[in-house]
Amino acid sequence: MGYKLGLLDQSPIQKGASPFEALQQTVQLAQKAEEWGYSRFWVSEHHHTEQLAGSSPEVLISYLLARTNAIRIGSGGVMLQHYSSYKVAENFHVLSTLAPGRVDLGIGKGPGGLPLSSKALQFGTVNDGEDFEERLSFLNQLIENSVDENHSLAGIQALPVPPEKTENYLLGASVESAKLAAKYGWNFVFARFINSDISVLEEAANAFHARNKRGRLLVSVAVIAAPSKPEAEQLALDHKLFKVHLKSGRTVTVQSAKQAETFGSQAGEPYEVSEQEANIIAGTPVFIKEELAHLHNTYQVDEFILHSPVQTKEERFRTFQLLSPTYSEEKKNEEEYIL
């Protein structure tokens with residue numbers, strides 16, 4: 001195959017279900033991902049939304065590590081603009097000390113929620129969310145135990161020091177993010193399900209490979225797999241993306257028109273909303289794997305992180321089972337899709 005496959009789960013709360021049930025499904029999916037041969041399982045960070053239960057990836061990661069045996073578990077990702085780099089380093093050093101060699105630290109550049117939740121996360125601090133690179137640089141120094149002697153916090157260490165360091169990933173959807181990941185020697189994850197512009201992916205991949213020869217390029221894609229292409233395409237029909245274009249120049253992508261209008265109204269500045277088709281690779285397992293192989297060969301992608309926007313457990317789990325490294329056509333007639 002030439003590339004690895006991992007999963008991203010956002011702990012969706014199905015209509016009529018509870019957050020407890022959503023998080024239990026995340027645990028079940030992590031266990032299935034391990035059984036199905038996926039390389040890693042990541043959980044996301046979303047705030048103040050009744051549709052997703054995953055607001056604290058660090059806490060959820062610790063539970064998932066205890067409920068699985070070998071698969072890597074990580075954040076996709078921690079929204080660093082809200083937090084102390086020192087505390088993030090401590091959290092992941094503890095996790096990596098508990099489960100050496102199994103923890104991924106993924107850092108996201110976005111807010112992970114609406115302006116009101118960002119204000120709540122930063123309430124009582126001097127943080128304004130505008131110093132992301134400074135935070136990332138300090139986080140990297142803490143992980144490497146190399147805080148500059150001229151730094152105002154010279155001598156500080158993020159303890160405990162784990163037996164094995166975390167694998168570190170910067171998540172983004174722009175060329176600038178790719179360059180930033182390369183600058184600090186981090187792996188880079190391009191969020192193609194957020195930015196579908198293939199020219200941006202091409203430029204980001206080229207920029208990253210040119211600046212970080214040993215770094216790994218991952219691409220996160222939205223997928224829906226089914227036994228037939230028409231069935232998969234039908235499941236993909238209802239999914240849209242909405243972009244909020246703020247007058248200040250910032251653009252934020254959300255998953256519903258209601259979220260877009262709420263974000264704009266909370267932002268406190270003029271805005272416009274545009275709608276677009278969600279970038280979903282929908283089809284049979286053979287079709288999807290052909291698409292992934294094309295991206296792998298064209299842009300030197302080392303691994304794909306699969307995300308599925310479908311809400312029902314059965315269809316979501318079926319997608320990941322059909323695309324799993326251990327699934328084969330021979331097994332199709334021997335077992336049900338969801339065991």
# chains A, B, ... in the order shown; residues from 1 in each chain; ligands from 1
call {"tool": "closest_atom_pairs", "arguments": {"of": "region 46-141 of chain A", "to": "region 30-35 of chain A", "cutoff": "12 Å", "atoms": "only C-alpha atoms", "output": "Markdown table"}}
result
| residue | atom | partner | partner_atom | distance |
| --- | --- | --- | --- | --- |
| A:Leu60 | CA | A:Ala30 | CA | 11.2 |
| A:Ile61 | CA | A:Ala30 | CA | 10.3 |
| A:Tyr63 | CA | A:Ala30 | CA | 10.7 |
| A:Leu64 | CA | A:Ala30 | CA | 7.1 |
| A:Leu65 | CA | A:Ala30 | CA | 9.3 |
| A:Ala66 | CA | A:Gln31 | CA | 10.7 |
| A:Arg67 | CA | A:Gln31 | CA | 7.4 |
| A:Thr68 | CA | A:Gln31 | CA | 5.9 |
| A:Asn69 | CA | A:Glu34 | CA | 8.0 |
| A:Ala70 | CA | A:Glu34 | CA | 7.3 |
| A:Ile71 | CA | A:Glu34 | CA | 5.5 |
| A:Arg72 | CA | A:Glu34 | CA | 8.8 |
| A:Ile73 | CA | A:Ala30 | CA | 8.5 |
| A:Gly74 | CA | A:Ala30 | CA | 11.0 |
call {"tool": "select_by_dssp", "arguments": {"residues": "region 4-127 of chain A", "states": "strand (DSSP E or B)", "output": "list of chain:residue names"}}
result
A:Lys4, A:Leu5, A:Gly6, A:Leu7, A:Leu8, A:Asp9, A:Pro12, A:Arg40, A:Phe41, A:Trp42, A:Val43, A:Leu52, A:Arg72, A:Ile73, A:Gly74, A:Ser75, A:Val78, A:Met79, A:Val103, A:Asp104, A:Leu105, A:Gly106, A:Ile107, A:Gly108
call {"tool": "write_last_selection", "arguments": {"atoms": "C-alpha atoms", "output": "compact mmCIF listing (two decimals), in the first residue's frame"}}
result
# COMPACT_ATOMS: atom_id res chain seq x y z
CA LYS A 4 -0.40 4.09 6.71
CA LEU A 5 -3.94 4.76 7.87
CA GLY A 6 -5.12 6.36 11.11
CA LEU A 7 -8.50 7.54 12.40
CA LEU A 8 -9.84 10.84 13.74
CA ASP A 9 -12.96 10.68 15.90
CA PRO A 12 -20.53 12.85 17.56
CA ARG A 40 -3.19 5.59 15.34
CA PHE A 41 -6.45 6.93 16.78
CA TRP A 42 -6.91 10.65 17.39
CA VAL A 43 -9.62 12.59 19.20
CA LEU A 52 -19.87 16.72 19.75
CA ARG A 72 -1.05 5.02 19.20
CA ILE A 73 -3.51 7.48 20.75
CA GLY A 74 -3.35 11.23 20.25
CA SER A 75 -4.92 14.63 19.91
CA VAL A 78 -5.02 20.51 21.25
CA MET A 79 -5.93 24.13 20.43
CA VAL A 103 1.20 9.01 22.54
CA ASP A 104 0.82 11.55 19.73
CA LEU A 105 0.74 15.29 20.43
CA GLY A 106 -1.26 17.01 17.71
CA ILE A 107 -1.52 20.79 17.93
CA GLY A 108 -4.27 22.74 16.15
call {"tool": "closest_residue", "arguments": {"among": "A:Met1, A:Val244, A:Ala293, A:Ile288", "to": "Thr326 (chain A)", "atoms": "only C-alpha atoms"}}
result
A:Met1
call {"tool": "atom_distance", "arguments": {"atom1": "CA of Gln311 (chain A)", "atom2": "CA of Ser118 (chain A)"}}
result
25.8 Å
call {"tool": "atom_distance", "arguments": {"atom1": "CA of Gln300 (chain A)", "atom2": "CA of Leu136 (chain A)"}}
result
25.3 Å
